[in-house]
$ cat structure.cif   # mmCIF, C-alpha atoms and all ligand atoms
data_protein
loop_
_atom_site.label_atom_id
_atom_site.label_comp_id
_atom_site.auth_asym_id
_atom_site.auth_seq_id
_atom_site.Cartn_x
_atom_site.Cartn_y
_atom_site.Cartn_z
CA MET D 29 28.59 -0.78 -4.45
CA SER D 30 27.59 -0.96 -0.81
CA GLY D 31 25.12 0.57 1.58
CA PHE D 32 22.13 -1.23 0.10
CA VAL D 33 19.20 -2.18 2.34
CA ASP D 34 17.14 -5.30 1.59
CA LEU D 35 13.56 -5.05 2.89
CA HIS D 36 12.43 -8.48 1.73
CA CYS D 37 14.39 -11.68 2.26
CA HIS D 38 13.71 -15.22 3.50
CA TRP D 39 16.97 -16.04 5.32
CA ILE D 40 15.45 -17.52 8.52
CA ALA D 41 15.64 -21.32 8.31
CA GLY D 42 12.82 -23.81 8.30
CA ILE D 43 9.88 -21.47 8.85
CA ASP D 44 8.54 -20.91 5.34
CA ASP D 45 9.69 -21.61 1.77
CA GLY D 46 12.97 -19.78 2.41
CA VAL D 47 16.31 -21.31 3.34
CA ARG D 48 16.11 -24.86 4.69
CA THR D 49 18.94 -24.82 7.24
CA PRO D 50 20.65 -22.22 9.44
CA ASP D 51 23.87 -22.72 7.45
CA GLU D 52 22.04 -21.83 4.25
CA GLY D 53 20.66 -18.73 5.95
CA VAL D 54 24.14 -17.55 6.95
CA ASP D 55 25.43 -18.37 3.47
CA LEU D 56 22.65 -16.29 1.88
CA LEU D 57 23.37 -13.34 4.18
CA GLY D 58 27.09 -13.51 3.35
CA ARG D 59 26.36 -13.50 -0.36
CA LEU D 60 23.97 -10.55 -0.05
CA ARG D 61 26.63 -8.65 1.91
CA ALA D 62 29.07 -9.31 -0.92
CA ALA D 63 26.43 -8.02 -3.36
CA GLY D 64 26.34 -4.68 -1.51
CA PHE D 65 23.67 -5.08 1.18
CA ASP D 66 24.71 -3.74 4.60
CA LEU D 67 21.32 -4.37 6.17
CA VAL D 68 18.91 -7.23 5.43
CA VAL D 69 15.48 -7.46 7.02
CA ALA D 70 14.12 -10.98 7.47
CA THR D 71 10.56 -11.18 6.14
CA PRO D 72 9.31 -14.75 6.65
CA HIS D 73 5.76 -15.41 5.47
CA MET D 74 2.74 -14.96 7.71
CA ARG D 75 0.07 -16.72 5.63
CA PRO D 76 -2.57 -18.84 7.39
CA GLY D 77 -3.09 -22.27 5.83
CA MET D 78 0.26 -22.18 4.05
CA PHE D 79 2.78 -20.79 6.53
CA ASP D 80 1.03 -20.72 9.91
CA ASN D 81 3.43 -18.31 11.56
CA ASP D 82 2.38 -15.79 14.15
CA ARG D 83 4.53 -13.02 15.61
CA LYS D 84 5.77 -15.13 18.51
CA ALA D 85 6.91 -18.01 16.27
CA LEU D 86 8.80 -15.62 14.00
CA GLU D 87 10.46 -13.85 16.92
CA LEU D 88 11.63 -17.20 18.30
CA ALA D 89 12.98 -18.33 14.92
CA PHE D 90 14.83 -15.01 14.49
CA ALA D 91 16.32 -15.26 17.98
CA ALA D 92 17.49 -18.81 17.23
CA MET D 93 19.43 -17.58 14.16
CA CYS D 94 21.03 -14.52 15.75
CA PRO D 95 23.83 -16.20 17.76
CA ARG D 96 25.30 -17.48 14.48
CA LEU D 97 25.64 -13.93 13.19
CA VAL D 98 27.45 -12.39 16.16
CA GLY D 99 30.96 -11.07 15.46
CA ARG D 100 30.76 -11.76 11.74
CA ASP D 101 32.05 -8.70 9.88
CA ASP D 102 31.34 -10.42 6.59
CA LEU D 103 27.58 -10.38 7.25
CA PRO D 104 25.05 -7.54 7.03
CA ASP D 105 23.15 -6.11 9.98
CA VAL D 106 19.77 -7.77 10.38
CA HIS D 107 16.28 -6.99 11.62
CA LEU D 108 13.02 -8.90 11.79
CA SER D 109 9.74 -8.17 10.04
CA SER D 110 7.32 -10.35 8.05
CA GLU D 111 5.65 -10.71 4.67
CA HIS D 112 1.96 -10.44 5.61
CA PHE D 113 -0.51 -12.13 3.29
CA LEU D 114 -3.45 -9.75 3.55
CA ASP D 115 -6.33 -12.15 4.22
CA ASP D 116 -8.97 -11.51 6.91
CA VAL D 117 -6.90 -13.18 9.64
CA VAL D 118 -3.64 -11.35 9.02
CA PHE D 119 -5.40 -8.03 8.38
CA GLY D 120 -7.12 -8.46 11.77
CA ARG D 121 -3.78 -9.10 13.43
CA LEU D 122 -2.23 -6.02 11.86
CA VAL D 123 -4.92 -3.58 12.99
CA LYS D 124 -4.77 -5.09 16.50
CA GLY D 125 -1.00 -4.52 16.63
CA GLN D 126 -0.22 -8.23 16.38
CA GLY D 127 1.76 -8.14 13.14
CA LEU D 128 5.44 -7.56 12.50
CA PRO D 129 5.85 -4.19 10.75
CA TYR D 130 9.26 -2.88 9.80
CA PRO D 131 11.24 -1.45 12.70
CA ASP D 132 11.26 2.34 12.96
CA LEU D 133 15.00 2.81 13.23
CA GLY D 134 14.67 6.60 13.32
CA ALA D 135 12.36 6.69 16.33
CA ALA D 136 15.20 6.92 18.84
CA ALA D 137 16.61 9.92 17.01
CA ASP D 138 13.24 11.70 16.72
CA PRO D 139 13.42 14.86 18.87
CA SER D 140 9.64 14.69 19.45
CA GLY D 141 10.21 11.30 21.07
CA ALA D 142 7.19 10.02 19.15
CA SER D 143 7.14 6.24 18.88
CA PRO D 144 4.66 4.13 16.92
CA ASP D 145 4.30 1.88 19.96
CA VAL D 146 3.39 4.65 22.35
CA ALA D 147 0.42 7.02 22.07
CA PRO D 148 1.81 10.42 21.07
CA ALA D 149 1.59 13.34 23.46
CA HIS D 150 -1.13 15.87 22.63
CA GLY D 151 -0.12 17.78 19.50
CA ALA D 152 2.81 15.47 18.66
CA ALA D 153 2.82 13.75 15.28
CA ARG D 154 2.56 9.99 15.38
CA ARG D 155 5.27 8.16 13.43
CA THR D 156 3.98 5.52 11.06
CA ARG D 157 5.72 2.25 10.35
CA GLY D 158 5.95 0.45 7.04
CA VAL D 159 4.45 -3.01 6.83
CA LEU D 160 5.20 -5.52 4.07
CA VAL D 161 2.00 -6.94 2.56
CA GLU D 162 1.45 -9.41 -0.25
CA LEU D 163 -1.72 -10.20 -2.18
CA SER D 164 -3.00 -13.11 -4.20
CA PRO D 165 -1.44 -12.95 -7.68
CA GLN D 166 -4.77 -13.68 -9.39
CA GLY D 167 -6.83 -10.68 -8.30
CA PHE D 168 -7.31 -7.92 -5.74
CA PRO D 169 -10.15 -8.15 -3.19
CA PRO D 170 -12.83 -5.45 -3.67
CA ASN D 171 -12.28 -3.90 -0.22
CA LEU D 172 -8.51 -3.53 -0.64
CA GLN D 173 -8.32 0.27 -0.70
CA ARG D 174 -10.45 0.48 2.47
CA ARG D 175 -8.16 -2.02 4.16
CA PHE D 176 -5.13 0.06 3.24
CA PHE D 177 -6.81 3.15 4.71
CA ASP D 178 -7.57 1.13 7.87
CA LEU D 179 -3.90 0.13 8.11
CA GLY D 180 -2.98 3.81 7.81
CA ARG D 181 -5.32 4.67 10.67
CA ALA D 182 -3.57 1.95 12.71
CA GLY D 183 -0.25 3.75 12.13
CA LEU D 184 0.92 1.39 9.37
CA ARG D 185 1.97 2.27 5.84
CA PRO D 186 1.46 -0.68 3.43
CA VAL D 187 4.58 -1.61 1.47
CA LEU D 188 3.25 -3.73 -1.38
CA ALA D 189 5.51 -6.69 -2.18
CA HIS D 190 6.31 -7.41 -5.84
CA PRO D 191 3.42 -5.54 -7.51
CA GLU D 192 4.86 -6.61 -10.86
CA ARG D 193 3.81 -10.21 -10.14
CA TYR D 194 0.07 -9.48 -9.80
CA GLN D 195 -2.12 -10.32 -12.78
CA PRO D 196 -4.35 -7.20 -12.48
CA VAL D 197 -1.15 -5.10 -12.82
CA TRP D 198 -0.20 -6.97 -16.00
CA LYS D 199 -3.52 -5.89 -17.53
CA ASP D 200 -3.42 -2.24 -16.37
CA ASP D 201 -1.20 -0.84 -13.67
CA ALA D 202 -3.80 1.88 -13.00
CA CYS D 203 -5.29 -0.73 -10.62
CA LEU D 204 -2.50 0.34 -8.22
CA ASP D 205 -3.67 3.97 -8.12
CA PRO D 206 -6.32 3.48 -5.40
CA LEU D 207 -3.68 1.74 -3.26
CA LEU D 208 -1.17 4.55 -3.77
CA ASP D 209 -3.95 7.04 -2.94
CA ALA D 210 -4.42 5.13 0.32
CA GLY D 211 -0.78 5.74 1.20
CA ALA D 212 0.84 2.51 -0.02
CA CYS D 213 4.25 2.32 -1.60
CA LEU D 214 5.61 -0.23 -4.08
CA LEU D 215 8.56 -2.57 -3.53
CA LEU D 216 10.21 -4.00 -6.64
CA ASP D 217 11.59 -7.53 -6.56
CA VAL D 218 14.66 -6.65 -8.59
CA CYS D 219 14.92 -10.22 -9.95
CA ALA D 220 11.80 -9.60 -12.04
CA LEU D 221 14.06 -7.57 -14.35
CA VAL D 222 16.00 -10.66 -15.43
CA GLY D 223 12.91 -12.76 -16.04
CA LYS D 224 12.88 -14.81 -12.82
CA TYR D 225 9.06 -14.68 -12.76
CA GLY D 226 8.40 -14.69 -16.49
CA ARG D 227 7.83 -12.21 -19.26
CA ALA D 228 4.65 -10.55 -17.94
CA SER D 229 6.26 -9.70 -14.58
CA ARG D 230 9.35 -8.40 -16.32
CA LYS D 231 7.30 -6.15 -18.60
CA ALA D 232 5.22 -4.87 -15.67
CA ALA D 233 8.38 -4.11 -13.67
CA GLU D 234 9.90 -2.23 -16.58
CA LYS D 235 6.74 -0.16 -17.02
CA LEU D 236 6.49 0.68 -13.31
CA LEU D 237 10.17 1.67 -13.33
CA GLU D 238 9.53 3.95 -16.30
CA GLU D 239 6.67 5.55 -14.36
CA GLU D 240 8.98 6.00 -11.35
CA ALA D 241 6.33 4.21 -9.32
CA TYR D 242 8.63 2.20 -7.05
CA GLU D 243 9.70 3.44 -3.64
CA ALA D 244 12.38 0.77 -3.20
CA ALA D 245 13.78 -2.50 -4.54
CA CYS D 246 14.61 -5.76 -2.75
CA SER D 247 15.96 -9.29 -3.29
CA ASP D 248 13.10 -11.53 -2.08
CA ALA D 249 15.87 -14.15 -1.94
CA HIS D 250 14.93 -17.65 -0.73
CA ARG D 251 18.18 -19.60 -1.36
CA PRO D 252 21.91 -18.78 -1.29
CA ALA D 253 22.10 -19.16 -5.07
CA ASP D 254 19.43 -16.46 -5.46
CA ALA D 255 22.13 -13.91 -4.59
CA ASP D 256 23.75 -14.54 -7.99
CA VAL D 257 20.46 -13.63 -9.69
CA VAL D 258 20.23 -10.52 -7.50
CA ILE D 259 23.68 -9.35 -8.66
CA GLU D 260 22.69 -9.85 -12.29
CA ALA D 261 19.37 -8.06 -11.66
CA ILE D 262 21.02 -5.04 -10.01
CA GLU D 263 23.23 -4.73 -13.11
CA ALA D 264 20.09 -4.84 -15.28
CA LEU D 265 18.44 -2.22 -13.05
CA GLU D 266 21.41 0.12 -13.34
CA LYS D 267 21.51 -0.30 -17.09
CA ARG D 268 17.84 0.63 -17.30
CA VAL D 269 17.56 3.53 -14.82
CA GLY D 270 21.15 4.67 -14.16
CA ALA D 271 23.34 4.68 -11.08
CA ALA D 272 21.58 7.46 -9.13
CA GLU D 273 18.12 5.88 -9.42
CA THR D 274 19.56 2.44 -8.59
CA THR D 275 21.04 3.92 -5.42
CA ARG D 276 17.72 5.57 -4.56
CA LEU D 277 15.83 2.27 -4.96
CA LEU D 278 18.32 0.16 -3.01
CA ARG D 279 19.48 2.66 -0.42
CA GLY D 280 17.54 5.92 0.08
CA GLY D 281 14.10 4.41 -0.54
CA PRO D 282 14.40 1.45 1.83
CA ARG D 283 16.14 3.55 4.47
CA GLY D 284 13.22 5.96 4.37
CA ILE D 285 10.77 3.11 4.95
CA LEU D 286 12.81 2.19 8.04
CA GLY D 287 12.57 5.78 9.28
CA LEU D 288 16.25 6.56 8.58
FE FE N 1 8.80 -13.02 -0.24
#
$ encode --input "structure.cif" --output "structure tokens"
Amino acid sequence: MSGFVDLHCHWIAGIDDGVRTPDEGVDLLGRLRAAGFDLVVATPHMRPGMFDNDRKALELAFAAMCPRLVGRDDLPDVHLSSEHFLDDVVFGRLVKGQGLPYPDLGAAADPSGASPDVAPAHGAARRTRGVLVELSPQGFPPNLQRRFFDLGRAGLRPVLAHPERYQPVWKDDACLDPLLDAGACLLLDVCALVGKYGRASRKAAEKLLEEEAYEAACSDAHRPADADVVIEAIEALEKRVGAAETTRLLRGGPRGILGL
């Protein structure tokens, strides 16, 4: 298979818990390309106190990796975004336009000319951009739905990373309903399906798949060897939901989040 789009991957070296060297980053990208991904978005962590990255630091790290990728037909296309840990600091950055949402790759083709970075002309619809957010696995903050609404008002659609890993979801996935009502969408880490994060995450992922709750699936790969797990996990996904739904989760869904 090919044409997959990976919205969550840690292939930029030395900036979080992802790959440790640029060579490893290129190796990971090559392996994901071989697994069927034509486009891989870098999503290094922005998490104060653990990975103290701001937008500028991530843009510099991305730019430092790019020359290694030029002219390599064996590698996927790449873009830059970030995995935003939704604490007070990062939430504040996002609503002030200081985060790194997903690129809107359809904006140039939009006949209205509407861009999320430019105030729309009177009467023109504003295009929203997806933004990858992660939460603490132990529990959701009480003001989470309001924060998601606030992100929506700032032109951002929350894309919730690996919902299957959150303990409240293990107990009752109805806890996601207020977030979906606030416009969020759910991004499956496909490796949950082969037990990479334990039995509870696997069960939660299977249930959310059954409910057709996911908008898209991703690798969340951190090391070159993770690509082998991704291949195994995509096979497990296809076995569970069939080829058409697998294609939707790895191609149509993520392309839609990128405005394509
Ligand atoms: Fe991640």
$ residues_around --input "structure.cif" --residues "stretch 157-171 of chain D" --least-positions-apart "5" --cutoff "7 Å" --atoms "only C-alpha atoms" --output "MDAnalysis selection string"
chainID D and resid 110:114 129:130 132 144 183:189 193:196 285
$ closest_residue --input "structure.cif" --among "D:Asp34, D:Asp115, D:Glu234, D:Glu273" --to "ligand FE 1 (chain N)" --atoms "only C-alpha atoms and all ligand atoms"
D:Asp34
$ residues_near_ligand --input "structure.cif" --ligand "ligand FE 1 (chain N)" --cutoff "9 Å" --atoms "all atoms listed in the file" --output "count of residues only"
18
$ residues_near_point --input "structure.cif" --point "(24.8, -4.0, 4.2)" --cutoff "6 Å" --atoms "all atoms listed in the file" --output "number ranges by chain"
D: 31-32, 61, 64-67, 104
$ write_last_selection --input "structure.cif" --atoms "C-alpha atoms" --output "mmCIF file, in the frame of the given file"
data_model
loop_
_atom_site.group_PDB
_atom_site.id
_atom_site.type_symbol
_atom_site.label_atom_id
_atom_site.label_comp_id
_atom_site.auth_asym_id
_atom_site.auth_seq_id
_atom_site.Cartn_x
_atom_site.Cartn_y
_atom_site.Cartn_z
ATOM 1 C CA GLY D 31 25.120 0.570 1.580
ATOM 2 C CA PHE D 32 22.130 -1.230 0.100
ATOM 3 C CA ARG D 61 26.630 -8.650 1.910
ATOM 4 C CA GLY D 64 26.340 -4.680 -1.510
ATOM 5 C CA PHE D 65 23.670 -5.080 1.180
ATOM 6 C CA ASP D 66 24.710 -3.740 4.600
ATOM 7 C CA LEU D 67 21.320 -4.370 6.170
ATOM 8 C CA PRO D 104 25.050 -7.540 7.030
#
$ atom_distance --input "structure.cif" --atom1 "atom CA of D:Ala70" --atom2 "atom CA of D:Leu108"
4.9 Å
$ residues_around --input "structure.cif" --residues "D:Ala220" --least-positions-apart "6" --cutoff "10 Å" --atoms "only C-alpha atoms" --output "VMD selection string"
chain D and resid 190 192 to 193 226 to 234 247 257 to 258 261 265
$ atom_distance --input "structure.cif" --atom1 "atom CA of D:Ala210" --atom2 "atom CA of D:Ala245"
20.3 Å
$ axis_aligned_box --input "structure.cif" --around "stretch 194-199 of chain D" --padding-each-side "5 Å" --output "AutoDock Vina command-line options"
--center_x -2.1 --center_y -7.7 --center_z -13.7 --size_x 14.4 --size_y 15.2 --size_z 17.7
$ residues_near_point --input "structure.cif" --point "(19.9, 2.4, -13.2)" --cutoff "12 Å" --atoms "all atoms listed in the file" --output "ChimeraX atom specification"
/D:218,221,234,237-238,240,245,261-278
$ atom_distance --input "structure.cif" --atom1 "atom CA of D:Asp102" --atom2 "atom CA of D:Arg83"
28.4 Å
$ closest_residue --input "structure.cif" --among "D:Asp201, D:Asp209, D:Glu243, D:Glu87" --to "D:Arg174" --atoms "only C-alpha atoms"
D:Asp209
$ closest_residue --input "structure.cif" --among "D:Asp44, D:Leu208, D:Val123, D:Asp51" --to "D:Phe79" --atoms "all atoms listed in the file"
D:Asp44
$ closest_residue --input "structure.cif" --among "D:His107, D:Arg75, D:Arg59, D:Arg100" --to "D:Leu35" --atoms "only C-alpha atoms"
D:His107
$ closest_residue --input "structure.cif" --among "D:Met93, D:Val117, D:Leu133, D:Ala255" --to "D:Ala63" --atoms "all atoms listed in the file"
D:Ala255
$ closest_residue --input "structure.cif" --among "D:Leu179, D:Leu215, D:Leu103, D:Leu236" --to "D:Ala202" --atoms "all atoms listed in the file"
D:Leu236
$ residues_around --input "structure.cif" --residues "D:Phe177" --least-positions-apart "4" --cutoff "8 Å" --atoms "all atoms listed in the file" --output "NGL selection string"
:D and (173 or 181 or 210-211)
$ build_atoms --input "structure.cif" --residues "stretch 39-70 of chain D" --atoms "N, CA and C atoms" --output "PDB file, in the coordinates of the input"
ATOM      1  N   TRP D  39      15.715 -15.402   4.881  1.00  0.00           N
ATOM      2  CA  TRP D  39      16.970 -16.040   5.320  1.00  0.00           C
ATOM      3  C   TRP D  39      16.829 -16.767   6.656  1.00  0.00           C
ATOM      4  N   ILE D  40      15.649 -16.756   7.267  1.00  0.00           N
ATOM      5  CA  ILE D  40      15.450 -17.520   8.520  1.00  0.00           C
ATOM      6  C   ILE D  40      15.051 -18.945   8.155  1.00  0.00           C
ATOM      7  N   ALA D  41      15.762 -19.913   8.750  1.00  0.00           N
ATOM      8  CA  ALA D  41      15.640 -21.320   8.310  1.00  0.00           C
ATOM      9  C   ALA D  41      14.368 -21.998   8.809  1.00  0.00           C
ATOM     10  N   GLY D  42      13.823 -22.818   7.928  1.00  0.00           N
ATOM     11  CA  GLY D  42      12.820 -23.810   8.300  1.00  0.00           C
ATOM     12  C   GLY D  42      11.492 -23.263   8.776  1.00  0.00           C
ATOM     13  N   ILE D  43      11.125 -22.047   8.340  1.00  0.00           N
ATOM     14  CA  ILE D  43       9.880 -21.470   8.850  1.00  0.00           C
ATOM     15  C   ILE D  43       8.910 -21.119   7.732  1.00  0.00           C
ATOM     16  N   ASP D  44       9.406 -21.137   6.507  1.00  0.00           N
ATOM     17  CA  ASP D  44       8.540 -20.910   5.340  1.00  0.00           C
ATOM     18  C   ASP D  44       9.213 -21.582   4.130  1.00  0.00           C
ATOM     19  N   ASP D  45       9.053 -21.028   2.964  1.00  0.00           N
ATOM     20  CA  ASP D  45       9.690 -21.610   1.770  1.00  0.00           C
ATOM     21  C   ASP D  45      11.069 -21.013   1.523  1.00  0.00           C
ATOM     22  N   GLY D  46      11.630 -20.347   2.524  1.00  0.00           N
ATOM     23  CA  GLY D  46      12.970 -19.780   2.410  1.00  0.00           C
ATOM     24  C   GLY D  46      14.044 -20.824   2.643  1.00  0.00           C
ATOM     25  N   VAL D  47      15.188 -20.386   3.147  1.00  0.00           N
ATOM     26  CA  VAL D  47      16.310 -21.310   3.340  1.00  0.00           C
ATOM     27  C   VAL D  47      15.899 -22.477   4.231  1.00  0.00           C
ATOM     28  N   ARG D  48      16.536 -23.642   3.997  1.00  0.00           N
ATOM     29  CA  ARG D  48      16.110 -24.860   4.690  1.00  0.00           C
ATOM     30  C   ARG D  48      16.905 -25.126   5.969  1.00  0.00           C
ATOM     31  N   THR D  49      18.115 -24.580   6.050  1.00  0.00           N
ATOM     32  CA  THR D  49      18.940 -24.820   7.240  1.00  0.00           C
ATOM     33  C   THR D  49      19.556 -23.497   7.698  1.00  0.00           C
ATOM     34  N   PRO D  50      19.963 -23.435   8.971  1.00  0.00           N
ATOM     35  CA  PRO D  50      20.650 -22.220   9.440  1.00  0.00           C
ATOM     36  C   PRO D  50      21.916 -21.916   8.634  1.00  0.00           C
ATOM     37  N   ASP D  51      22.654 -22.955   8.252  1.00  0.00           N
ATOM     38  CA  ASP D  51      23.870 -22.720   7.450  1.00  0.00           C
ATOM     39  C   ASP D  51      23.542 -22.039   6.126  1.00  0.00           C
ATOM     40  N   GLU D  52      22.460 -22.475   5.505  1.00  0.00           N
ATOM     41  CA  GLU D  52      22.040 -21.830   4.250  1.00  0.00           C
ATOM     42  C   GLU D  52      21.678 -20.371   4.487  1.00  0.00           C
ATOM     43  N   GLY D  53      21.039 -20.099   5.628  1.00  0.00           N
ATOM     44  CA  GLY D  53      20.660 -18.730   5.950  1.00  0.00           C
ATOM     45  C   GLY D  53      21.876 -17.831   6.082  1.00  0.00           C
ATOM     46  N   VAL D  54      22.903 -18.328   6.782  1.00  0.00           N
ATOM     47  CA  VAL D  54      24.140 -17.550   6.950  1.00  0.00           C
ATOM     48  C   VAL D  54      24.828 -17.376   5.605  1.00  0.00           C
ATOM     49  N   ASP D  55      24.831 -18.431   4.804  1.00  0.00           N
ATOM     50  CA  ASP D  55      25.430 -18.370   3.470  1.00  0.00           C
ATOM     51  C   ASP D  55      24.744 -17.296   2.622  1.00  0.00           C
ATOM     52  N   LEU D  56      23.399 -17.287   2.655  1.00  0.00           N
ATOM     53  CA  LEU D  56      22.650 -16.290   1.880  1.00  0.00           C
ATOM     54  C   LEU D  56      22.998 -14.874   2.352  1.00  0.00           C
ATOM     55  N   LEU D  57      23.038 -14.672   3.667  1.00  0.00           N
ATOM     56  CA  LEU D  57      23.370 -13.340   4.180  1.00  0.00           C
ATOM     57  C   LEU D  57      24.768 -12.899   3.734  1.00  0.00           C
ATOM     58  N   GLY D  58      25.723 -13.830   3.775  1.00  0.00           N
ATOM     59  CA  GLY D  58      27.090 -13.510   3.350  1.00  0.00           C
ATOM     60  C   GLY D  58      27.125 -13.109   1.878  1.00  0.00           C
ATOM     61  N   ARG D  59      26.373 -13.819   1.071  1.00  0.00           N
ATOM     62  CA  ARG D  59      26.360 -13.500  -0.360  1.00  0.00           C
ATOM     63  C   ARG D  59      25.680 -12.159  -0.638  1.00  0.00           C
ATOM     64  N   LEU D  60      24.633 -11.852   0.133  1.00  0.00           N
ATOM     65  CA  LEU D  60      23.970 -10.550  -0.050  1.00  0.00           C
ATOM     66  C   LEU D  60      24.888  -9.418   0.397  1.00  0.00           C
ATOM     67  N   ARG D  61      25.641  -9.655   1.457  1.00  0.00           N
ATOM     68  CA  ARG D  61      26.630  -8.650   1.910  1.00  0.00           C
ATOM     69  C   ARG D  61      27.642  -8.388   0.798  1.00  0.00           C
ATOM     70  N   ALA D  62      28.108  -9.460   0.174  1.00  0.00           N
ATOM     71  CA  ALA D  62      29.070  -9.310  -0.920  1.00  0.00           C
ATOM     72  C   ALA D  62      28.455  -8.586  -2.117  1.00  0.00           C
ATOM     73  N   ALA D  63      27.126  -8.693  -2.256  1.00  0.00           N
ATOM     74  CA  ALA D  63      26.430  -8.020  -3.360  1.00  0.00           C
ATOM     75  C   ALA D  63      26.171  -6.550  -3.055  1.00  0.00           C
ATOM     76  N   GLY D  64      26.471  -6.106  -1.827  1.00  0.00           N
ATOM     77  CA  GLY D  64      26.340  -4.680  -1.510  1.00  0.00           C
ATOM     78  C   GLY D  64      25.338  -4.342  -0.425  1.00  0.00           C
ATOM     79  N   PHE D  65      24.694  -5.360   0.153  1.00  0.00           N
ATOM     80  CA  PHE D  65      23.670  -5.080   1.180  1.00  0.00           C
ATOM     81  C   PHE D  65      24.307  -5.051   2.571  1.00  0.00           C
ATOM     82  N   ASP D  66      24.187  -3.893   3.228  1.00  0.00           N
ATOM     83  CA  ASP D  66      24.710  -3.740   4.600  1.00  0.00           C
ATOM     84  C   ASP D  66      23.670  -4.090   5.646  1.00  0.00           C
ATOM     85  N   LEU D  67      22.409  -4.090   5.226  1.00  0.00           N
ATOM     86  CA  LEU D  67      21.320  -4.370   6.170  1.00  0.00           C
ATOM     87  C   LEU D  67      20.275  -5.223   5.440  1.00  0.00           C
ATOM     88  N   VAL D  68      19.892  -6.325   6.047  1.00  0.00           N
ATOM     89  CA  VAL D  68      18.910  -7.230   5.430  1.00  0.00           C
ATOM     90  C   VAL D  68      17.824  -7.552   6.448  1.00  0.00           C
ATOM     91  N   VAL D  69      16.600  -7.187   6.122  1.00  0.00           N
ATOM     92  CA  VAL D  69      15.480  -7.460   7.020  1.00  0.00           C
ATOM     93  C   VAL D  69      14.890  -8.829   6.672  1.00  0.00           C
ATOM     94  N   ALA D  70      14.773  -9.679   7.678  1.00  0.00           N
ATOM     95  CA  ALA D  70      14.120 -10.980   7.470  1.00  0.00           C
ATOM     96  C   ALA D  70      12.614 -10.754   7.359  1.00  0.00           C
TER      97      ALA D  70
END
